[in-house]
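Source file: model.cif (mmCIF, C-alpha atoms)
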```
data_final
loop_
_atom_site.group_PDB
_atom_site.id
_atom_site.type_symbol
_atom_site.label_atom_id
_atom_site.label_comp_id
_atom_site.auth_asym_id
_atom_site.auth_seq_id
_atom_site.Cartn_x
_atom_site.Cartn_y
_atom_site.Cartn_z
ATOM 1 C CA MET N 1 -10.997 -26.963 16.403
ATOM 2 C CA ARG N 2 -7.251 -27.070 15.654
ATOM 3 C CA THR N 3 -7.666 -29.997 13.246
ATOM 4 C CA ASN N 4 -5.346 -30.102 10.242
ATOM 5 C CA LEU N 5 -7.288 -30.644 7.026
ATOM 6 C CA LYS N 6 -6.117 -31.408 3.511
ATOM 7 C CA VAL N 7 -7.200 -28.934 0.795
ATOM 8 C CA VAL N 8 -8.537 -30.765 -2.284
ATOM 9 C CA ASP N 9 -8.909 -27.917 -4.780
ATOM 10 C CA ASN N 10 -6.505 -25.859 -6.876
ATOM 11 C CA SER N 11 -6.784 -22.632 -4.840
ATOM 12 C CA GLY N 12 -3.103 -22.809 -3.859
ATOM 13 C CA ALA N 13 -3.394 -24.029 -0.269
ATOM 14 C CA LYS N 14 -2.189 -27.518 0.644
ATOM 15 C CA ARG N 15 -3.087 -27.740 4.341
ATOM 16 C CA VAL N 16 -5.310 -25.665 6.642
ATOM 17 C CA MET N 17 -6.050 -25.693 10.363
ATOM 18 C CA CYS N 18 -9.644 -25.331 11.545
ATOM 19 C CA ILE N 19 -10.187 -22.261 13.734
ATOM 20 C CA GLN N 20 -13.948 -22.530 14.224
ATOM 21 C CA ALA N 21 -16.911 -24.517 12.927
ATOM 22 C CA LEU N 22 -19.773 -22.236 11.908
ATOM 23 C CA LYS N 23 -23.296 -22.994 13.244
ATOM 24 C CA SER N 24 -22.030 -25.793 15.504
ATOM 25 C CA LYS N 25 -20.456 -25.878 18.949
ATOM 26 C CA LYS N 26 -19.329 -29.532 18.807
ATOM 27 C CA GLY N 27 -17.409 -29.540 15.534
ATOM 28 C CA ALA N 28 -17.787 -29.795 11.783
ATOM 29 C CA ARG N 29 -19.249 -32.724 9.834
ATOM 30 C CA LEU N 30 -19.691 -33.405 6.131
ATOM 31 C CA GLY N 31 -20.950 -30.311 4.340
ATOM 32 C CA ASP N 32 -20.369 -27.917 7.249
ATOM 33 C CA THR N 33 -18.638 -24.567 6.746
ATOM 34 C CA ILE N 34 -15.547 -23.788 8.828
ATOM 35 C CA ILE N 35 -13.145 -20.894 9.335
ATOM 36 C CA ALA N 36 -9.537 -21.990 8.824
ATOM 37 C CA SER N 37 -5.992 -20.674 8.697
ATOM 38 C CA VAL N 38 -3.695 -21.647 5.819
ATOM 39 C CA LYS N 39 -0.647 -23.569 7.122
ATOM 40 C CA GLU N 40 0.950 -24.702 3.844
ATOM 41 C CA ALA N 41 0.514 -23.080 0.438
ATOM 42 C CA GLN N 42 1.937 -23.341 -3.068
ATOM 43 C CA PRO N 43 4.177 -20.473 -4.224
ATOM 44 C CA ARG N 44 1.906 -18.884 -6.856
ATOM 45 C CA GLY N 45 -1.569 -19.688 -5.542
ATOM 46 C CA LYS N 46 -4.669 -17.606 -4.909
ATOM 47 C CA VAL N 47 -4.228 -17.888 -1.120
ATOM 48 C CA LYS N 48 -1.080 -17.372 0.943
ATOM 49 C CA LYS N 49 0.224 -18.924 4.136
ATOM 50 C CA GLY N 50 -1.384 -17.288 7.184
ATOM 51 C CA ASP N 51 -4.589 -16.250 5.388
ATOM 52 C CA VAL N 52 -7.871 -16.815 7.233
ATOM 53 C CA VAL N 53 -10.300 -18.505 4.839
ATOM 54 C CA TYR N 54 -13.695 -20.211 4.772
ATOM 55 C CA GLY N 55 -13.978 -23.860 3.787
ATOM 56 C CA VAL N 56 -16.547 -26.628 3.312
ATOM 57 C CA VAL N 57 -15.769 -30.075 4.726
ATOM 58 C CA VAL N 58 -16.052 -32.545 1.812
ATOM 59 C CA ARG N 59 -14.426 -35.621 3.400
ATOM 60 C CA ALA N 60 -14.424 -36.667 7.053
ATOM 61 C CA ALA N 61 -12.900 -39.696 8.763
ATOM 62 C CA MET N 62 -15.889 -39.850 11.127
ATOM 63 C CA GLN N 63 -18.720 -42.149 9.991
ATOM 64 C CA ARG N 64 -21.965 -40.628 8.781
ATOM 65 C CA GLY N 65 -25.186 -42.579 8.239
ATOM 66 C CA ARG N 66 -27.118 -42.322 5.001
ATOM 67 C CA CYS N 67 -30.871 -42.493 4.414
ATOM 68 C CA ASP N 68 -30.709 -46.042 2.998
ATOM 69 C CA GLY N 69 -29.001 -47.371 6.146
ATOM 70 C CA SER N 70 -25.448 -47.500 4.787
ATOM 71 C CA GLU N 71 -22.614 -45.491 6.288
ATOM 72 C CA ILE N 72 -19.979 -43.397 4.555
ATOM 73 C CA LYS N 73 -16.465 -42.872 5.881
ATOM 74 C CA PHE N 74 -13.298 -41.477 4.265
ATOM 75 C CA ASP N 75 -9.618 -42.040 4.979
ATOM 76 C CA ASP N 76 -8.790 -38.366 5.524
ATOM 77 C CA ASN N 77 -10.314 -35.032 6.515
ATOM 78 C CA ALA N 78 -10.509 -32.736 3.499
ATOM 79 C CA VAL N 79 -11.896 -29.293 2.739
ATOM 80 C CA VAL N 80 -12.676 -27.089 -0.287
ATOM 81 C CA LEU N 81 -11.955 -23.376 0.171
ATOM 82 C CA VAL N 82 -14.875 -21.017 -0.465
ATOM 83 C CA ASN N 83 -15.496 -17.271 -0.189
ATOM 84 C CA LYS N 84 -18.030 -15.650 2.153
ATOM 85 C CA GLN N 85 -20.842 -16.209 -0.366
ATOM 86 C CA GLY N 86 -20.076 -19.953 -0.477
ATOM 87 C CA GLU N 87 -18.594 -20.040 -3.989
ATOM 88 C CA PRO N 88 -15.415 -22.139 -4.437
ATOM 89 C CA ILE N 89 -12.113 -20.252 -4.804
ATOM 90 C CA GLY N 90 -10.522 -22.981 -6.942
ATOM 91 C CA THR N 91 -11.739 -24.243 -10.310
ATOM 92 C CA ARG N 92 -11.185 -27.990 -9.748
ATOM 93 C CA VAL N 93 -11.962 -30.417 -6.916
ATOM 94 C CA PHE N 94 -9.836 -33.565 -6.598
ATOM 95 C CA GLY N 95 -10.916 -36.935 -5.220
ATOM 96 C CA PRO N 96 -14.345 -38.231 -4.206
ATOM 97 C CA VAL N 97 -17.025 -35.889 -2.849
ATOM 98 C CA PRO N 98 -20.212 -37.188 -1.126
ATOM 99 C CA HIS N 99 -23.607 -36.399 -2.659
ATOM 100 C CA GLU N 100 -24.836 -35.175 0.779
ATOM 101 C CA LEU N 101 -23.423 -31.744 -0.168
ATOM 102 C CA ARG N 102 -26.442 -31.265 -2.445
ATOM 103 C CA ARG N 103 -28.708 -31.179 0.614
ATOM 104 C CA LYS N 104 -26.428 -28.575 2.238
ATOM 105 C CA LYS N 105 -26.713 -26.258 -0.824
ATOM 106 C CA HIS N 106 -23.155 -26.772 -2.104
ATOM 107 C CA VAL N 107 -24.140 -27.735 -5.651
ATOM 108 C CA LYS N 108 -21.308 -25.691 -7.177
ATOM 109 C CA ILE N 109 -18.727 -27.906 -5.438
ATOM 110 C CA LEU N 110 -20.476 -31.020 -6.798
ATOM 111 C CA THR N 111 -20.296 -29.695 -10.352
ATOM 112 C CA LEU N 112 -16.521 -29.147 -10.033
ATOM 113 C CA ALA N 113 -15.886 -32.580 -8.456
ATOM 114 C CA GLU N 114 -14.339 -35.324 -10.571
ATOM 115 C CA HIS N 115 -16.002 -38.171 -8.627
ATOM 116 C CA ILE N 116 -19.196 -38.140 -6.546
ATOM 117 C CA ALA N 117 -19.459 -40.869 -3.889
#
```

How does this structure look as structure tokens?
Amino acid sequence: MRTNLKVVDNSGAKRVMCIQALKSKKGARLGDTIIASVKEAQPRGKVKKGDVVYGVVVRAAMQRGRCDGSEIKFDDNAVVLVNKQGEPIGTRVFGPVPHELRRKKHVKILTLAEHIA
């Protein structure tokens, strides 16, 4: 709640603030869907400042354990904006994206990503 997240797609938003994590009282982790408000946006983008949007967390600074015993951790908190059906608004995803999104049924985001970690 109230966390500022970086937007890593070309939907037009630069920074969003988390309003609520869906399906979780504690908070959002990798692959979770959130409701967010756009705080900074590019002039001619698909979303405007003040819009309430859905997003999928693709990078989190909090550590997350993997099945093989290793742990994954990113430098920043980042999100990809999606619509209510879970399809990405943008057409490109920048930076690394973890392969755990496949288990959370976000395969479309993985196909748009330039690097899968």

request  = Go through the shown structure with the PyMOL selection byres ((chain N and resi 33-40) around 8) and write out the matching residues as a list in words.
outcome  = Ala13, Lys14, Arg15, Val16, Met17, Cys18, Ile19, Gln20, Ala21, Leu22, Ala28, Gly31, Asp32, Ala41, Gln42, Val47, Lys48, Lys49, Gly50, Asp51, Val52, Val53, Tyr54, Gly55, Val56 and Val57 of chain N

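Going from CA of Thr3 (chain N) over to CA of Lys105 (chain N), you cover 24.0 Å.
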
Counting all atoms listed in the file, the option among N:Lys73, N:Lys23, N:His106, N:Lys6 closest to Pro88 (chain N) = N:His106

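Taking CA of Arg59 (chain N) and CA of Asp76 (chain N) as endpoints, the distance between them is 6.6 Å.
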
Residue nearest Leu112 (chain N) among N:Asp9, N:Met62, N:Ile72, N:Arg2 (counting only C-alpha atoms) =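 Distance minimum relative to Leu112 (chain N) lands on N:Asp9.
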
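As for CA of Asn10 (chain N) and CA of Arg103 (chain N), they are spaced 24.0 Å apart.
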
Got a sec: who's within 12 Å of Ile116 (chain N), counting all atoms listed in the file, leaving out chain neighbours fewer than 3 positions off, as a PDB file with C-alpha atoms, keeping the file's coordinate frame?
```
ATOM      1  CA  VAL N  58     -16.052 -32.545   1.812  1.00  0.00           C
ATOM      2  CA  ARG N  59     -14.426 -35.621   3.400  1.00  0.00           C
ATOM      3  CA  VAL N  93     -11.962 -30.417  -6.916  1.00  0.00           C
ATOM      4  CA  PHE N  94      -9.836 -33.565  -6.598  1.00  0.00           C
ATOM      5  CA  GLY N  95     -10.916 -36.935  -5.220  1.00  0.00           C
ATOM      6  CA  PRO N  96     -14.345 -38.231  -4.206  1.00  0.00           C
ATOM      7  CA  VAL N  97     -17.025 -35.889  -2.849  1.00  0.00           C
ATOM      8  CA  PRO N  98     -20.212 -37.188  -1.126  1.00  0.00           C
ATOM      9  CA  HIS N  99     -23.607 -36.399  -2.659  1.00  0.00           C
ATOM     10  CA  GLU N 100     -24.836 -35.175   0.779  1.00  0.00           C
ATOM     11  CA  LEU N 101     -23.423 -31.744  -0.168  1.00  0.00           C
ATOM     12  CA  ARG N 102     -26.442 -31.265  -2.445  1.00  0.00           C
ATOM     13  CA  VAL N 107     -24.140 -27.735  -5.651  1.00  0.00           C
ATOM     14  CA  ILE N 109     -18.727 -27.906  -5.438  1.00  0.00           C
ATOM     15  CA  LEU N 110     -20.476 -31.020  -6.798  1.00  0.00           C
ATOM     16  CA  THR N 111     -20.296 -29.695 -10.352  1.00  0.00           C
ATOM     17  CA  LEU N 112     -16.521 -29.147 -10.033  1.00  0.00           C
ATOM     18  CA  ALA N 113     -15.886 -32.580  -8.456  1.00  0.00           C
TER      19      ALA N 113
END
```

query = From the set N:Ala117, N:Val7, N:Leu30, N:Ala61, which residue has the shortest atom-to-atom contact distance to Val79 (chain N), counting all atoms listed in the file?
reply = N:Val7

Can you complete the atoms of region 44-55 of chain N to all heavy atoms and list them as an mmCIF file, in the coordinates of the input?
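The file below, rebuild-v6.cif, is the result:
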```cif
data_model
loop_
_atom_site.group_PDB
_atom_site.id
_atom_site.type_symbol
_atom_site.label_atom_id
_atom_site.label_comp_id
_atom_site.auth_asym_id
_atom_site.auth_seq_id
_atom_site.Cartn_x
_atom_site.Cartn_y
_atom_site.Cartn_z
ATOM 1 N N ARG N 44 2.688 -19.848 -6.075
ATOM 2 C CA ARG N 44 1.906 -18.884 -6.856
ATOM 3 C C ARG N 44 0.426 -19.253 -6.844
ATOM 4 O O ARG N 44 -0.189 -19.427 -7.888
ATOM 5 C CB ARG N 44 2.433 -18.837 -8.287
ATOM 6 C CG ARG N 44 3.789 -18.155 -8.393
ATOM 7 C CD ARG N 44 4.402 -18.282 -9.762
ATOM 8 N NE ARG N 44 4.778 -19.651 -10.090
ATOM 9 C CZ ARG N 44 5.872 -20.260 -9.658
ATOM 10 N NH1 ARG N 44 6.711 -19.629 -8.871
ATOM 11 N NH2 ARG N 44 6.133 -21.503 -10.023
ATOM 12 N N GLY N 45 -0.158 -19.332 -5.667
ATOM 13 C CA GLY N 45 -1.569 -19.688 -5.542
ATOM 14 C C GLY N 45 -2.430 -18.471 -5.260
ATOM 15 O O GLY N 45 -1.932 -17.353 -5.071
ATOM 16 N N LYS N 46 -3.734 -18.703 -5.191
ATOM 17 C CA LYS N 46 -4.669 -17.606 -4.909
ATOM 18 C C LYS N 46 -4.679 -17.236 -3.435
ATOM 19 O O LYS N 46 -5.066 -16.128 -3.076
ATOM 20 C CB LYS N 46 -6.078 -18.007 -5.355
ATOM 21 C CG LYS N 46 -6.196 -18.189 -6.856
ATOM 22 C CD LYS N 46 -7.575 -18.658 -7.252
ATOM 23 C CE LYS N 46 -7.615 -18.969 -8.734
ATOM 24 N NZ LYS N 46 -8.843 -19.662 -9.119
ATOM 25 N N VAL N 47 -4.300 -18.170 -2.558
ATOM 26 C CA VAL N 47 -4.228 -17.888 -1.120
ATOM 27 C C VAL N 47 -2.792 -18.058 -0.650
ATOM 28 O O VAL N 47 -2.015 -18.816 -1.225
ATOM 29 C CB VAL N 47 -5.169 -18.816 -0.311
ATOM 30 C CG1 VAL N 47 -6.615 -18.515 -0.625
ATOM 31 C CG2 VAL N 47 -4.871 -20.268 -0.564
ATOM 32 N N LYS N 48 -2.442 -17.355 0.399
ATOM 33 C CA LYS N 48 -1.080 -17.372 0.943
ATOM 34 C C LYS N 48 -1.083 -17.998 2.331
ATOM 35 O O LYS N 48 -2.116 -18.090 2.984
ATOM 36 C CB LYS N 48 -0.537 -15.944 1.042
ATOM 37 C CG LYS N 48 -0.567 -15.173 -0.265
ATOM 38 C CD LYS N 48 0.579 -15.578 -1.152
ATOM 39 C CE LYS N 48 0.584 -14.791 -2.448
ATOM 40 N NZ LYS N 48 -0.137 -15.436 -3.518
ATOM 41 N N LYS N 49 0.086 -18.370 2.794
ATOM 42 C CA LYS N 49 0.224 -18.924 4.136
ATOM 43 C C LYS N 49 -0.153 -17.849 5.159
ATOM 44 O O LYS N 49 0.249 -16.698 5.037
ATOM 45 C CB LYS N 49 1.663 -19.382 4.351
ATOM 46 C CG LYS N 49 1.888 -20.007 5.704
ATOM 47 C CD LYS N 49 3.327 -20.423 5.898
ATOM 48 C CE LYS N 49 3.529 -20.904 7.319
ATOM 49 N NZ LYS N 49 4.917 -21.241 7.597
ATOM 50 N N GLY N 50 -0.950 -18.227 6.152
ATOM 51 C CA GLY N 50 -1.384 -17.288 7.184
ATOM 52 C C GLY N 50 -2.726 -16.650 6.914
ATOM 53 O O GLY N 50 -3.290 -15.999 7.800
ATOM 54 N N ASP N 51 -3.273 -16.815 5.700
ATOM 55 C CA ASP N 51 -4.589 -16.250 5.388
ATOM 56 C C ASP N 51 -5.681 -16.969 6.180
ATOM 57 O O ASP N 51 -5.608 -18.176 6.397
ATOM 58 C CB ASP N 51 -4.900 -16.392 3.893
ATOM 59 C CG ASP N 51 -4.099 -15.431 3.038
ATOM 60 O OD1 ASP N 51 -3.353 -14.615 3.610
ATOM 61 O OD2 ASP N 51 -4.205 -15.515 1.795
ATOM 62 N N VAL N 52 -6.695 -16.226 6.588
ATOM 63 C CA VAL N 52 -7.871 -16.815 7.233
ATOM 64 C C VAL N 52 -8.933 -16.961 6.155
ATOM 65 O O VAL N 52 -9.319 -15.987 5.506
ATOM 66 C CB VAL N 52 -8.363 -15.937 8.402
ATOM 67 C CG1 VAL N 52 -9.640 -16.495 8.986
ATOM 68 C CG2 VAL N 52 -7.289 -15.845 9.467
ATOM 69 N N VAL N 53 -9.391 -18.196 5.941
ATOM 70 C CA VAL N 53 -10.300 -18.505 4.839
ATOM 71 C C VAL N 53 -11.505 -19.295 5.351
ATOM 72 O O VAL N 53 -11.500 -19.815 6.465
ATOM 73 C CB VAL N 53 -9.577 -19.328 3.745
ATOM 74 C CG1 VAL N 53 -8.527 -18.496 3.041
ATOM 75 C CG2 VAL N 53 -8.972 -20.595 4.315
ATOM 76 N N TYR N 54 -12.539 -19.362 4.511
ATOM 77 C CA TYR N 54 -13.695 -20.211 4.772
ATOM 78 C C TYR N 54 -13.523 -21.503 3.978
ATOM 79 O O TYR N 54 -12.913 -21.498 2.909
ATOM 80 C CB TYR N 54 -14.993 -19.524 4.322
ATOM 81 C CG TYR N 54 -15.436 -18.411 5.229
ATOM 82 C CD1 TYR N 54 -14.934 -17.125 5.082
ATOM 83 C CD2 TYR N 54 -16.367 -18.633 6.235
ATOM 84 C CE1 TYR N 54 -15.344 -16.100 5.916
ATOM 85 C CE2 TYR N 54 -16.789 -17.616 7.062
ATOM 86 C CZ TYR N 54 -16.260 -16.349 6.899
ATOM 87 O OH TYR N 54 -16.659 -15.340 7.726
ATOM 88 N N GLY N 55 -14.076 -22.594 4.493
ATOM 89 C CA GLY N 55 -13.978 -23.860 3.787
ATOM 90 C C GLY N 55 -15.192 -24.734 4.069
ATOM 91 O O GLY N 55 -15.862 -24.578 5.089
#
```
